[in-house]
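Raw contents of entry-v5.txt, compact mmCIF, C-alpha atoms:
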```txt
# COMPACT_ATOMS: atom_id res chain seq x y z
CA MET A 11 6.27 55.59 -97.01
CA ASN A 12 7.21 59.03 -95.84
CA SER A 13 10.51 59.93 -94.23
CA LEU A 14 11.83 57.61 -91.55
CA SER A 15 11.68 58.54 -87.92
CA PRO A 16 14.96 59.39 -86.14
CA TRP A 17 14.76 55.99 -84.42
CA THR A 18 14.50 54.05 -87.65
CA SER A 19 17.20 56.06 -89.34
CA PHE A 20 19.44 55.29 -86.37
CA LEU A 21 18.68 51.61 -86.87
CA VAL A 22 19.50 51.88 -90.55
CA ARG A 23 22.83 53.44 -89.69
CA CYS A 24 23.56 50.67 -87.19
CA CYS A 25 22.74 48.18 -89.89
CA ALA A 26 25.13 49.80 -92.33
CA PHE A 27 27.83 49.96 -89.66
CA LEU A 28 27.43 46.28 -88.87
CA CYS A 29 27.62 45.42 -92.54
CA LEU A 30 30.90 47.35 -92.72
CA LEU A 31 32.23 45.44 -89.73
CA VAL A 32 31.54 42.14 -91.43
CA ALA A 33 33.20 43.21 -94.64
CA ALA A 34 36.10 45.07 -93.02
CA PRO A 35 39.17 42.81 -92.87
CA VAL A 36 40.18 42.87 -96.52
CA SER A 37 43.47 44.59 -97.18
CA VAL A 38 45.29 44.96 -100.47
CA PRO A 39 49.08 45.18 -100.27
CA ALA A 40 50.54 48.08 -102.21
CA VAL A 41 53.00 47.20 -104.96
CA THR A 42 55.47 49.92 -105.69
CA GLY A 43 57.16 50.62 -108.99
CA MET A 44 57.33 47.34 -110.89
CA PRO A 45 60.55 46.81 -112.81
CA GLY A 46 60.17 47.58 -116.49
CA SER A 47 62.99 45.28 -117.47
CA TYR A 48 65.02 42.30 -116.28
CA VAL A 49 67.89 44.68 -115.64
CA VAL A 50 67.22 47.81 -113.62
CA ASP A 51 70.48 49.72 -113.68
CA SER A 52 69.62 52.66 -111.45
CA ALA A 53 73.26 53.17 -110.49
CA GLY A 54 74.32 53.20 -114.14
CA VAL A 55 77.21 50.76 -113.85
CA ILE A 56 76.31 48.25 -116.55
CA ASP A 57 77.48 49.13 -120.05
CA GLU A 58 74.90 49.12 -122.79
CA SER A 59 75.93 46.02 -124.74
CA THR A 60 76.22 43.97 -121.54
CA GLU A 61 72.82 45.18 -120.45
CA HIS A 62 71.25 44.04 -123.73
CA LEU A 63 72.84 40.63 -123.47
CA LEU A 64 71.83 40.23 -119.85
CA ILE A 65 68.26 41.17 -120.65
CA ALA A 66 68.18 38.68 -123.51
CA ARG A 67 69.60 35.96 -121.31
CA LEU A 68 67.24 36.60 -118.42
CA GLN A 69 64.31 36.74 -120.79
CA GLU A 70 65.36 33.43 -122.28
CA LEU A 71 65.77 32.01 -118.78
CA GLU A 72 62.21 32.90 -117.93
CA GLN A 73 60.84 31.57 -121.21
CA LYS A 74 62.64 28.25 -120.85
CA THR A 75 62.56 27.63 -117.12
CA GLY A 76 59.94 29.95 -115.70
CA THR A 77 62.54 31.40 -113.35
CA GLN A 78 62.26 35.15 -113.01
CA MET A 79 65.56 36.76 -112.25
CA VAL A 80 66.00 40.52 -112.04
CA VAL A 81 69.24 42.47 -111.68
CA LEU A 82 68.97 45.70 -109.75
CA THR A 83 71.77 48.19 -109.23
CA ILE A 84 71.25 51.08 -106.85
CA ASP A 85 73.45 53.70 -105.27
CA SER A 86 72.52 52.91 -101.70
CA THR A 87 69.86 51.20 -99.64
CA GLY A 88 69.73 54.31 -97.48
CA GLY A 89 70.88 52.67 -94.28
CA VAL A 90 68.56 49.68 -94.55
CA PRO A 91 70.39 46.33 -94.35
CA ILE A 92 70.64 45.00 -97.90
CA GLU A 93 69.00 41.75 -96.80
CA GLU A 94 65.87 43.66 -95.80
CA TYR A 95 65.98 45.87 -98.86
CA ALA A 96 66.28 42.93 -101.25
CA LEU A 97 63.51 40.95 -99.58
CA ASP A 98 61.16 43.95 -99.66
CA LYS A 99 61.84 44.53 -103.35
CA ALA A 100 61.59 40.85 -104.30
CA GLU A 101 58.32 40.45 -102.43
CA GLY A 102 56.94 43.75 -103.69
CA TRP A 103 57.72 42.76 -107.27
CA LYS A 104 56.44 39.23 -106.68
CA LEU A 105 59.26 37.72 -108.67
CA GLY A 106 58.83 34.09 -109.63
CA GLN A 107 55.80 32.01 -110.39
CA GLU A 108 53.11 31.52 -107.82
CA GLY A 109 53.44 28.09 -106.30
CA ARG A 110 56.89 27.46 -107.78
CA ASP A 111 58.43 30.44 -105.99
CA ASN A 112 61.24 30.58 -108.51
CA GLY A 113 62.12 34.23 -108.26
CA LEU A 114 65.62 35.61 -107.88
CA LEU A 115 66.78 39.13 -107.22
CA PHE A 116 70.39 40.23 -107.58
CA VAL A 117 70.94 43.59 -105.92
CA ILE A 118 74.12 45.61 -106.08
CA ALA A 119 74.38 48.73 -103.91
CA MET A 120 77.34 50.66 -105.29
CA GLN A 121 78.03 53.22 -102.58
CA ASP A 122 77.38 50.72 -99.80
CA LYS A 123 79.71 48.29 -101.59
CA ARG A 124 77.27 45.49 -100.81
CA TYR A 125 75.58 42.87 -102.94
CA ARG A 126 72.76 40.46 -102.27
CA ILE A 127 71.51 37.42 -104.14
CA GLU A 128 67.97 36.79 -102.90
CA THR A 129 66.59 33.38 -103.80
CA GLY A 130 62.93 32.43 -103.76
CA TYR A 131 61.79 29.36 -101.84
CA GLY A 132 61.72 27.24 -104.97
CA LEU A 133 65.35 27.95 -105.84
CA GLU A 134 66.85 27.17 -102.47
CA ALA A 135 67.62 23.60 -103.51
CA VAL A 136 68.97 24.60 -106.93
CA LEU A 137 71.07 27.48 -105.69
CA PRO A 138 71.84 26.89 -102.01
CA ASP A 139 73.36 29.82 -100.12
CA SER A 140 76.75 28.14 -100.04
CA LEU A 141 76.78 27.80 -103.81
CA ALA A 142 75.66 31.38 -104.36
CA GLY A 143 78.34 32.51 -101.92
CA GLY A 144 80.96 30.50 -103.78
CA ILE A 145 79.97 32.07 -107.10
CA ALA A 146 80.19 35.55 -105.60
CA ARG A 147 83.64 34.83 -104.19
CA GLN A 148 84.81 33.34 -107.47
CA TYR A 149 83.52 35.98 -109.87
CA LEU A 150 81.82 38.97 -108.34
CA ILE A 151 84.28 39.92 -105.63
CA PRO A 152 87.50 39.68 -107.68
CA LEU A 153 86.03 41.53 -110.69
CA PHE A 154 84.38 44.18 -108.53
CA GLY A 155 87.69 44.56 -106.73
CA GLU A 156 89.21 45.60 -110.04
CA GLY A 157 86.38 48.02 -110.66
CA ARG A 158 84.94 45.87 -113.46
CA PHE A 159 81.35 46.05 -112.29
CA SER A 160 79.73 45.28 -115.64
CA ASP A 161 81.85 42.14 -116.04
CA GLY A 162 81.35 41.06 -112.45
CA ILE A 163 77.60 41.35 -112.75
CA SER A 164 77.42 39.54 -116.08
CA ALA A 165 79.75 36.73 -114.96
CA THR A 166 77.64 36.18 -111.86
CA VAL A 167 74.41 36.20 -113.87
CA LEU A 168 75.92 33.90 -116.49
CA VAL A 169 76.91 31.30 -113.93
CA ILE A 170 73.68 31.46 -111.91
CA THR A 171 71.42 31.28 -114.97
CA ASP A 172 73.46 28.40 -116.32
CA ILE A 173 73.03 26.44 -113.11
CA ILE A 174 69.28 27.02 -113.08
CA ALA A 175 68.92 26.08 -116.75
CA ARG A 176 71.02 22.94 -116.39
CA THR A 177 69.07 21.64 -113.42
CA GLN A 178 65.99 21.86 -115.62
CA GLY A 179 67.72 20.19 -118.54
CA VAL A 180 67.70 23.17 -120.90
CA THR A 181 70.48 25.23 -122.41
CA LEU A 182 70.51 28.97 -122.86
CA ASP A 183 71.70 30.33 -126.19
CA GLN A 184 71.96 33.96 -125.23
CA VAL A 185 75.41 33.76 -123.71
CA PRO A 186 77.12 37.08 -123.20
CA ALA A 187 80.12 35.59 -124.97
CA HIS A 188 82.13 38.79 -125.19
CA VAL A 189 82.49 38.74 -121.46
CA SER A 190 85.67 36.95 -120.61
CA VAL A 191 85.40 35.76 -117.07
CA GLN A 192 88.76 37.15 -116.27
CA LYS A 193 91.05 36.78 -113.34
CA THR A 194 93.69 39.43 -112.78
CA GLY A 195 95.49 40.23 -115.98
CA ASN A 196 96.48 37.02 -117.71
CA GLY A 197 94.14 36.43 -120.60
CA GLY A 198 91.02 35.30 -118.83
CA ILE A 199 89.16 32.06 -118.62
CA PRO A 200 87.50 31.04 -121.89
CA LEU A 201 83.83 30.27 -121.84
CA LYS A 202 84.30 26.52 -121.99
CA GLU A 203 86.36 26.61 -118.89
CA ALA A 204 83.88 28.88 -117.21
CA LEU A 205 81.17 26.34 -117.95
CA PHE A 206 83.38 23.62 -116.54
CA ILE A 207 83.61 25.62 -113.35
CA VAL A 208 79.85 25.86 -113.42
CA LEU A 209 79.64 22.07 -113.68
CA PHE A 210 82.03 21.75 -110.78
CA PHE A 211 79.86 24.05 -108.73
CA LEU A 212 76.85 22.03 -109.74
CA MET A 213 78.38 18.81 -108.54
CA LEU A 214 79.44 20.47 -105.34
CA GLY A 215 75.96 21.83 -104.97
CA SER A 216 74.18 18.54 -105.47
CA GLY A 217 76.60 16.79 -103.16
CA PHE A 218 75.90 19.44 -100.61
CA SER A 219 72.16 18.96 -100.87
CA ARG A 220 72.63 15.23 -100.47
CA LEU A 221 74.64 15.79 -97.34
CA TYR A 222 72.01 18.03 -95.85
CA PRO A 223 68.67 16.68 -96.95
CA SER A 224 66.93 18.88 -94.43
CA LEU A 225 68.06 21.94 -96.36
CA ARG A 226 66.48 20.81 -99.56
CA GLY A 227 63.23 21.97 -100.89
CA ARG A 228 60.90 24.32 -99.24
CA PRO A 229 59.04 23.51 -96.10
CA GLY A 230 55.30 23.51 -96.38
CA ARG A 231 53.73 26.84 -95.78
CA SER A 232 50.18 27.54 -94.99
CA GLY A 233 48.18 30.67 -94.54
CA ARG A 234 49.55 32.39 -97.62
CA TYR A 235 47.36 34.52 -99.76
CA TYR A 236 47.61 34.79 -103.48
CA ALA A 237 46.53 37.56 -105.72
CA GLY A 238 44.75 35.17 -108.03
CA GLY A 239 45.32 34.40 -111.66
CA PHE A 240 46.50 31.20 -113.25
CA PRO A 241 50.09 31.25 -114.45
CA MET A 242 50.33 28.77 -117.29
CA ALA A 243 53.74 27.60 -118.36
CA GLY A 244 54.53 28.46 -121.94
CA SER A 245 51.60 30.74 -122.47
CA ARG A 246 52.91 33.91 -120.93
CA GLY A 247 52.92 37.02 -122.94
CA PHE A 248 56.15 38.63 -123.95
CA GLY A 249 54.47 40.96 -126.34
CA GLY A 250 55.96 44.08 -124.84
CA GLY A 251 58.93 44.23 -127.15
CA PHE A 252 62.58 43.61 -126.43
CA GLY A 253 63.40 43.08 -122.80
CA ALA A 254 59.98 43.93 -121.54
CA PHE A 255 59.50 42.41 -118.16
CA GLY A 256 56.15 40.68 -117.92
CA GLY A 257 55.71 41.53 -114.26
CA GLY A 258 55.98 39.39 -111.18
CA ARG A 259 53.99 36.20 -110.97
CA GLY A 260 53.48 35.88 -107.27
CA GLY A 261 56.55 33.97 -106.10
CA GLY A 262 57.39 33.80 -102.41
CA PHE A 263 60.62 34.61 -100.60
CA GLY A 264 61.86 33.66 -97.16
CA GLY A 265 65.15 35.45 -96.76
CA GLY A 266 67.28 32.84 -98.54
CA GLY A 267 70.43 33.79 -100.39
CA VAL A 268 73.74 35.44 -99.70
CA SER A 269 75.05 38.91 -99.23
CA GLY A 270 78.46 40.37 -98.85
CA GLY A 271 80.73 43.29 -99.62
CA TRP A 272 83.65 43.91 -101.91
CA MET B 20 1.23 54.18 -88.67
CA ASN B 21 0.84 50.62 -89.75
CA GLY B 22 3.48 51.08 -92.51
CA LYS B 23 5.91 52.50 -89.99
CA PHE B 24 5.41 49.49 -87.74
CA TRP B 25 6.32 47.08 -90.56
CA THR B 26 9.32 49.13 -91.56
CA THR B 27 10.65 49.04 -88.00
CA LEU B 28 9.99 45.33 -87.75
CA GLY B 29 11.80 44.73 -91.04
CA ILE B 30 14.79 46.70 -89.91
CA ILE B 31 14.96 44.84 -86.62
CA ALA B 32 14.80 41.55 -88.51
CA GLY B 33 17.57 42.86 -90.77
CA ILE B 34 19.74 43.71 -87.79
CA ILE B 35 19.22 40.26 -86.31
CA LEU B 36 20.16 38.72 -89.64
CA VAL B 37 23.29 40.85 -89.96
CA LEU B 38 24.26 40.06 -86.37
CA ALA B 39 23.85 36.37 -87.09
CA VAL B 40 26.00 36.57 -90.21
CA MET B 41 28.56 38.62 -88.35
CA THR B 42 28.69 36.14 -85.49
CA ILE B 43 29.16 33.24 -87.84
CA SER B 44 31.82 34.95 -89.89
CA GLN B 45 33.64 36.35 -86.88
CA TYR B 46 33.36 33.27 -84.73
CA ASN B 47 36.00 31.45 -86.74
CA ARG B 48 38.30 34.41 -87.00
CA PRO B 49 40.28 34.02 -83.75
CA ILE B 50 40.62 30.32 -84.51
CA THR B 51 41.92 31.04 -88.02
CA MET B 52 44.30 33.65 -86.65
CA LYS B 53 45.60 31.28 -84.02
CA GLU B 54 46.11 28.66 -86.71
CA ALA B 55 48.10 31.17 -88.75
CA VAL B 56 50.27 31.97 -85.72
CA ASP B 57 50.94 28.27 -85.15
CA ALA B 58 51.73 27.68 -88.81
CA GLN B 59 54.14 30.60 -88.79
CA TRP B 60 55.75 29.29 -85.61
CA ALA B 61 56.38 26.03 -87.46
CA GLN B 62 58.22 28.09 -90.10
CA VAL B 63 60.38 29.66 -87.39
CA GLU B 64 61.16 26.23 -85.98
CA ASN B 65 62.01 24.94 -89.46
CA GLN B 66 64.62 27.62 -89.88
CA LEU B 67 65.96 27.20 -86.36
CA LYS B 68 66.33 23.53 -87.19
CA ARG B 69 68.19 24.40 -90.37
CA ARG B 70 70.76 26.31 -88.35
CA TYR B 71 70.88 23.62 -85.70
CA ASP B 72 71.72 20.99 -88.34
CA LEU B 73 74.55 23.08 -89.74
CA ILE B 74 76.43 23.34 -86.47
CA PRO B 75 78.32 19.99 -86.36
CA ASN B 76 79.92 20.57 -89.76
CA LEU B 77 80.75 24.15 -88.95
CA VAL B 78 82.38 23.14 -85.68
CA GLU B 79 84.36 20.42 -87.46
CA SER B 80 85.67 22.79 -90.09
CA VAL B 81 86.79 25.29 -87.43
CA ARG B 82 88.29 22.58 -85.25
CA GLY B 83 90.68 21.70 -88.05
CA TYR B 84 92.35 25.10 -87.61
CA ALA B 85 91.74 25.95 -84.00
CA ALA B 86 91.72 22.64 -82.14
CA GLN B 87 92.89 24.22 -78.90
CA GLU B 88 89.80 26.40 -78.50
CA GLN B 89 88.05 23.71 -76.47
CA GLU B 90 86.06 26.19 -74.40
CA ILE B 91 84.35 27.67 -77.44
CA PHE B 92 83.50 24.27 -78.91
CA LEU B 93 82.13 23.18 -75.55
CA GLY B 94 80.02 26.35 -75.37
CA VAL B 95 78.50 25.64 -78.77
CA ALA B 96 77.85 22.00 -77.89
CA GLN B 97 76.13 22.97 -74.64
CA ALA B 98 74.03 25.68 -76.25
CA ARG B 99 73.02 23.25 -78.97
CA LYS B 100 72.01 20.66 -76.40
CA ALA B 101 70.10 23.26 -74.38
CA TYR B 102 68.27 24.34 -77.53
CA PHE B 103 67.25 20.76 -78.24
CA SER B 104 65.62 20.35 -74.85
CA ALA B 105 64.03 23.81 -74.70
CA GLU B 106 60.26 23.99 -74.90
CA GLY B 107 57.68 26.61 -75.74
CA VAL B 108 58.14 29.88 -77.59
CA ASP B 109 59.94 31.60 -74.72
CA GLY B 110 62.20 28.65 -73.96
CA ARG B 111 63.07 28.17 -77.60
CA ALA B 112 63.70 31.86 -78.10
CA ARG B 113 66.03 32.03 -75.11
CA ALA B 114 67.91 28.88 -76.10
CA ALA B 115 68.15 30.09 -79.70
CA SER B 116 69.70 33.38 -78.65
CA GLU B 117 72.23 31.58 -76.43
CA LEU B 118 73.10 29.37 -79.36
CA GLU B 119 73.49 32.46 -81.50
CA GLY B 120 75.94 33.95 -79.00
CA ALA B 121 77.98 30.73 -78.89
CA LEU B 122 78.03 30.56 -82.69
CA SER B 123 79.21 34.12 -83.11
CA ARG B 124 82.07 33.41 -80.70
CA LEU B 125 82.90 30.42 -82.88
CA LEU B 126 82.87 32.52 -86.03
CA LEU B 127 84.98 35.19 -84.38
CA LEU B 128 87.81 32.66 -84.31
CA GLN B 129 88.49 33.53 -87.94
CA GLU B 130 89.98 36.78 -86.70
CA ARG B 131 92.58 34.84 -84.72
CA TYR B 132 93.04 32.07 -87.28
CA PRO B 133 93.18 33.84 -90.64
CA GLU B 134 93.65 30.56 -92.54
CA LEU B 135 89.99 29.92 -91.82
CA LYS B 136 89.06 32.89 -93.97
CA SER B 137 90.66 31.32 -97.00
CA ASN B 138 89.13 27.88 -96.49
CA GLU B 139 86.36 27.50 -99.03
CA ASN B 140 84.60 24.80 -97.02
CA PHE B 141 84.45 27.05 -93.97
CA LEU B 142 83.31 30.02 -96.06
CA ARG B 143 80.51 27.97 -97.58
CA LEU B 144 79.36 26.74 -94.21
CA GLN B 145 79.44 30.32 -93.07
CA ASP B 146 77.28 31.31 -96.05
CA SER B 147 74.81 28.61 -95.11
CA LEU B 148 74.80 29.73 -91.51
CA GLU B 149 74.26 33.35 -92.45
CA GLY B 150 71.48 32.27 -94.79
CA ALA B 151 69.88 30.31 -91.98
CA GLU B 152 70.12 33.28 -89.62
CA ASN B 153 68.59 35.62 -92.17
CA ARG B 154 65.74 33.18 -92.77
CA ILE B 155 65.22 32.90 -89.02
CA SER B 156 64.94 36.66 -88.70
CA VAL B 157 62.52 36.85 -91.64
CA GLU B 158 60.28 34.10 -90.29
CA ARG B 159 60.53 35.53 -86.79
CA LYS B 160 59.35 38.90 -88.02
CA ARG B 161 56.44 37.26 -89.85
CA TYR B 162 55.61 35.28 -86.73
CA ASN B 163 55.63 38.39 -84.57
CA ASP B 164 53.42 40.19 -87.09
CA GLN B 165 50.90 37.35 -86.91
CA VAL B 166 51.05 37.37 -83.11
CA ARG B 167 50.55 41.14 -83.07
CA ALA B 168 47.47 40.81 -85.27
CA LEU B 169 46.03 38.05 -83.08
CA ASN B 170 46.82 39.79 -79.80
CA THR B 171 45.35 43.08 -80.98
CA TYR B 172 42.26 41.27 -82.14
CA VAL B 173 41.63 39.32 -78.94
CA LYS B 174 42.18 42.37 -76.75
CA THR B 175 39.93 44.81 -78.58
CA PHE B 176 36.21 44.95 -79.36
CA PRO B 177 34.60 43.00 -80.96
CA GLY B 178 37.35 40.40 -81.08
CA VAL B 179 37.45 40.16 -77.33
CA LEU B 180 33.92 38.72 -77.43
CA PHE B 181 34.65 36.09 -80.03
CA ALA B 182 38.00 35.25 -78.51
CA SER B 183 36.40 34.49 -75.15
CA LEU B 184 33.68 32.50 -76.92
CA THR B 185 36.23 30.36 -78.72
CA GLY B 186 38.75 30.26 -75.89
CA VAL B 187 41.59 31.72 -77.97
CA GLY B 188 44.04 33.79 -75.93
CA PRO B 189 46.99 35.98 -76.88
CA SER B 190 50.17 34.27 -78.10
CA ALA B 191 53.76 34.91 -77.03
CA TYR B 192 56.11 37.01 -79.15
CA PHE B 193 59.46 35.66 -80.22
CA GLU B 194 61.54 38.27 -78.43
CA VAL B 195 65.13 39.00 -79.29
CA SER B 196 66.94 38.94 -75.98
CA GLU B 197 69.35 41.61 -74.84
CA ALA B 198 72.15 39.05 -74.83
CA GLU B 199 71.57 38.36 -78.50
CA GLN B 200 71.56 41.99 -79.46
CA GLU B 201 74.88 42.44 -77.71
CA ALA B 202 76.38 39.27 -79.13
CA PRO B 203 79.64 39.98 -80.92
CA LYS B 204 79.07 40.38 -84.61
CA VAL B 205 81.57 39.13 -87.12
CA LYS B 206 82.59 41.49 -89.87
CA PHE B 207 82.36 39.69 -93.18
```
Translate the structure described by the file into structure tokens.
Amino acid sequence: MNSLSPWTSFLVRCCAFLCLLVAAPVSVPAVTGMPGSYVVDSAGVIDESTEHLLIARLQELEQKTGTQMVVLTIDSTGGVPIEEYALDKAEGWKLGQEGRDNGLLFVIAMQDKRYRIETGYGLEAVLPDSLAGGIARQYLIPLFGEGRFSDGISATVLVITDIIARTQGVTLDQVPAHVSVQKTGNGGIPLKEALFIVLFFLMLGSGFSRLYPSLRGRPGRSGRYYAGGFPMAGSRGFGGGFGAFGGGRGGGFGGGGVSGGW
Amino acid sequence: MNGKFWTTLGIIAGIILVLAVMTISQYNRPITMKEAVDAQWAQVENQLKRRYDLIPNLVESVRGYAAQEQEIFLGVAQARKAYFSAEGVDGRARAASELEGALSRLLLLQERYPELKSNENFLRLQDSLEGAENRISVERKRYNDQVRALNTYVKTFPGVLFASLTGVGPSAYFEVSEAEQEAPKVKF
């Protein structure tokens, strides 16, 4: 077996090339900068105690319902429509569990004065766009209008998480109780009343879904690729200390949710 | 000499084997890609349907405040009917963009009838409509990405070989028409 002739070495190269061709179409999507926490306050508008409470609540939400919700504040999307920005981030972070698609991303772009609540496929029936829009009009817009960004964010998160927890028959203990969901000036709505409003929204929401059965649930999708792994309810690790975000679990998004300005 | 002969023979056998594997693995590829395009098209249609189903309620809620705007209601009704009877990707795309134009004229009425802007029912329907439109644009982009992948594959080597073997041709893009791009946009 001495050295191969030029002809055979050419054949070997062809062989290798063909092998490459067969193996070629495998691409791995790049995931950029996973969130380290349930609250990513890049714009620095959430005060520290609120941030801690929000993290605790969102962590509890994930532990009890599996729903992964992340709050992200930024200065600006840099000219990109916030709908596109939020979808890119939510998909890149793979929020929500694979198969249940119960991810939720709440983005606030301070300089753009725009917000977006991006719901995963699995939450579209629980939190229809109309309901999310109603919550934003009720809490986010008035509070943001007064410059109370921390309160506006926490009120919105409180109501949304409560709705999700209630539809799954669980209650969340980590209520940011110090946040009075306040309307201009006069005292503010106590928590009980706020929860009543939540119930009202819930009833409205379920009535709405009944009226439009075609909007419920998530249409069957095929041809989706998963990164692998077996998410098991109840067995996920939260060992990373307080507020550590366990990372996305492969949930899917389809552009559902609401956006608006203040 | 003899050793060289066997080496060459082995390599040729190897090439034939690799070619066979490649043919088998590639033969299904255009079919799989076409399936993915069709599945994604079904997603687009799902979302178009979502918007379509919202229209009657939206029209009703606007009619309560702007009953005299018959022309606009008629436009929406006609566009909706035309969408229902449209066929194929191109037909559907064209009808969908006409419907979009008619709907944005309907939504523009809130500028002339400010009471609409404070009607929670109308605002919620508008949220749903916006949500539907955003989903349509997301699924449309995904559809076009799939079509681009398929079309590139069937027009270049070696896909062109397997495509002609399996009879899979390029698919149509869901184009956004000029009319739609120029449709009046409502400031929310």
Practice task
Place a sphere of radius 12 Å on (63.9, 34.7, -100.2) in the file coordinates and name every protein, DNA or RNA residue with an atom inside or on its surface, counting only C-alpha atoms; give the answer as a ChimeraX atom specification.
Solution key: /A:93-102,104-106,111-116,126-134,137-139,228,261-269 /B:150-151,153-158
Handout entry: Cut-off 7 Å around (82.9, 42.8, -103.0) with all atoms listed in the file: residues as a ChimeraX atom specification
Key = /A:123-124,150-151,154-155,270-272
Test item: residues at most 7 Å from region 96-99 of chain B, all atoms listed in the file, excluding those fewer than 2 positions along its chain, as an mmCIF file with C-alpha atoms, keeping the file's coordinate frame:
```cif
data_model
loop_
_atom_site.group_PDB
_atom_site.id
_atom_site.type_symbol
_atom_site.label_atom_id
_atom_site.label_comp_id
_atom_site.auth_asym_id
_atom_site.auth_seq_id
_atom_site.Cartn_x
_atom_site.Cartn_y
_atom_site.Cartn_z
ATOM 1 C CA PHE B 92 83.500 24.270 -78.910
ATOM 2 C CA LEU B 93 82.130 23.180 -75.550
ATOM 3 C CA GLY B 94 80.020 26.350 -75.370
ATOM 4 C CA ALA B 101 70.100 23.260 -74.380
ATOM 5 C CA TYR B 102 68.270 24.340 -77.530
ATOM 6 C CA PHE B 103 67.250 20.760 -78.240
ATOM 7 C CA ALA B 114 67.910 28.880 -76.100
ATOM 8 C CA GLU B 117 72.230 31.580 -76.430
ATOM 9 C CA LEU B 118 73.100 29.370 -79.360
ATOM 10 C CA ALA B 121 77.980 30.730 -78.890
#
```
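Atom pair CA of Gly162 (chain A) / CA of Tyr149 (chain A): separated by 6.1 Å.
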Fill in the blank from the handout: One decimal place gives the CA of Gly258 (chain A)-CA of Arg67 (chain A) separation as 17.3 Å
Exercise for the section: Pull out every residue of chain B that has at least one atom within 9 Å of chain A, counting all atoms listed in the file, and report them as a ChimeraX atom specification. Expected result: /B:22-23,26-27,30-31,33-34,37-38,40-42,44-45,54-55,58-59,61-62,65,68-69,72-73,139,142-158,207
Just C-alpha atoms for this one: save the residues we selected as a short mmCIF file (atom, residue, chain, number, x, y, z; two decimals), in the coordinates of the input.
```cif
data_model
loop_
_atom_site.label_atom_id
_atom_site.label_comp_id
_atom_site.auth_asym_id
_atom_site.auth_seq_id
_atom_site.Cartn_x
_atom_site.Cartn_y
_atom_site.Cartn_z
CA GLY B 22 3.48 51.08 -92.51
CA LYS B 23 5.91 52.50 -89.99
CA THR B 26 9.32 49.13 -91.56
CA THR B 27 10.65 49.04 -88.00
CA ILE B 30 14.79 46.70 -89.91
CA ILE B 31 14.96 44.84 -86.62
CA GLY B 33 17.57 42.86 -90.77
CA ILE B 34 19.74 43.71 -87.79
CA VAL B 37 23.29 40.85 -89.96
CA LEU B 38 24.26 40.06 -86.37
CA VAL B 40 26.00 36.57 -90.21
CA MET B 41 28.56 38.62 -88.35
CA THR B 42 28.69 36.14 -85.49
CA SER B 44 31.82 34.95 -89.89
CA GLN B 45 33.64 36.35 -86.88
CA GLU B 54 46.11 28.66 -86.71
CA ALA B 55 48.10 31.17 -88.75
CA ALA B 58 51.73 27.68 -88.81
CA GLN B 59 54.14 30.60 -88.79
CA ALA B 61 56.38 26.03 -87.46
CA GLN B 62 58.22 28.09 -90.10
CA ASN B 65 62.01 24.94 -89.46
CA LYS B 68 66.33 23.53 -87.19
CA ARG B 69 68.19 24.40 -90.37
CA ASP B 72 71.72 20.99 -88.34
CA LEU B 73 74.55 23.08 -89.74
CA GLU B 139 86.36 27.50 -99.03
CA LEU B 142 83.31 30.02 -96.06
CA ARG B 143 80.51 27.97 -97.58
CA LEU B 144 79.36 26.74 -94.21
CA GLN B 145 79.44 30.32 -93.07
CA ASP B 146 77.28 31.31 -96.05
CA SER B 147 74.81 28.61 -95.11
CA LEU B 148 74.80 29.73 -91.51
CA GLU B 149 74.26 33.35 -92.45
CA GLY B 150 71.48 32.27 -94.79
CA ALA B 151 69.88 30.31 -91.98
CA GLU B 152 70.12 33.28 -89.62
CA ASN B 153 68.59 35.62 -92.17
CA ARG B 154 65.74 33.18 -92.77
CA ILE B 155 65.22 32.90 -89.02
CA SER B 156 64.94 36.66 -88.70
CA VAL B 157 62.52 36.85 -91.64
CA GLU B 158 60.28 34.10 -90.29
CA PHE B 207 82.36 39.69 -93.18
#
```
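Ranking B:Pro49, B:Gly107, B:Ala32, B:Tyr192 by their shortest atom-to-atom distance to Thr175 (chain B), with all atoms listed in the file included, puts B:Pro49 first.
Using all atoms listed in the file, the nearest neighbour of Arg124 (chain B) within the list B:Val56, B:Val78, B:Leu67, B:Leu28 is B:Val78.
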Fill in the blank from the handout: Restricting to all atoms listed in the file, whichever of B:Leu125, B:Leu135, B:Ala115, B:Ile74 is closest to Glu88 (chain B) is B:Leu125
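We find CA of Ala175 (chain A) and CA of Thr75 (chain A) to be spaced 6.6 Å apart.
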Handout entry: Of the listed residues B:Ala86, B:Glu119, B:Phe24, B:Leu36, that which approaches Tyr71 (chain B) most closely, counting all atoms listed in the file
Key = B:Glu119
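Take the candidates A:Val136, A:Ile163, A:Val50, A:Leu63 and check each one against Thr77 (chain A) using only C-alpha atoms; the shortest distance goes to A:Val136.
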Problem - Who sits within 8 Å of region 57-60 of chain A, all atoms listed in the file, same chain under 2 positions skipped, as a PyMOL selection string - result: chain A and resi 54-55+62-64+160+164+186
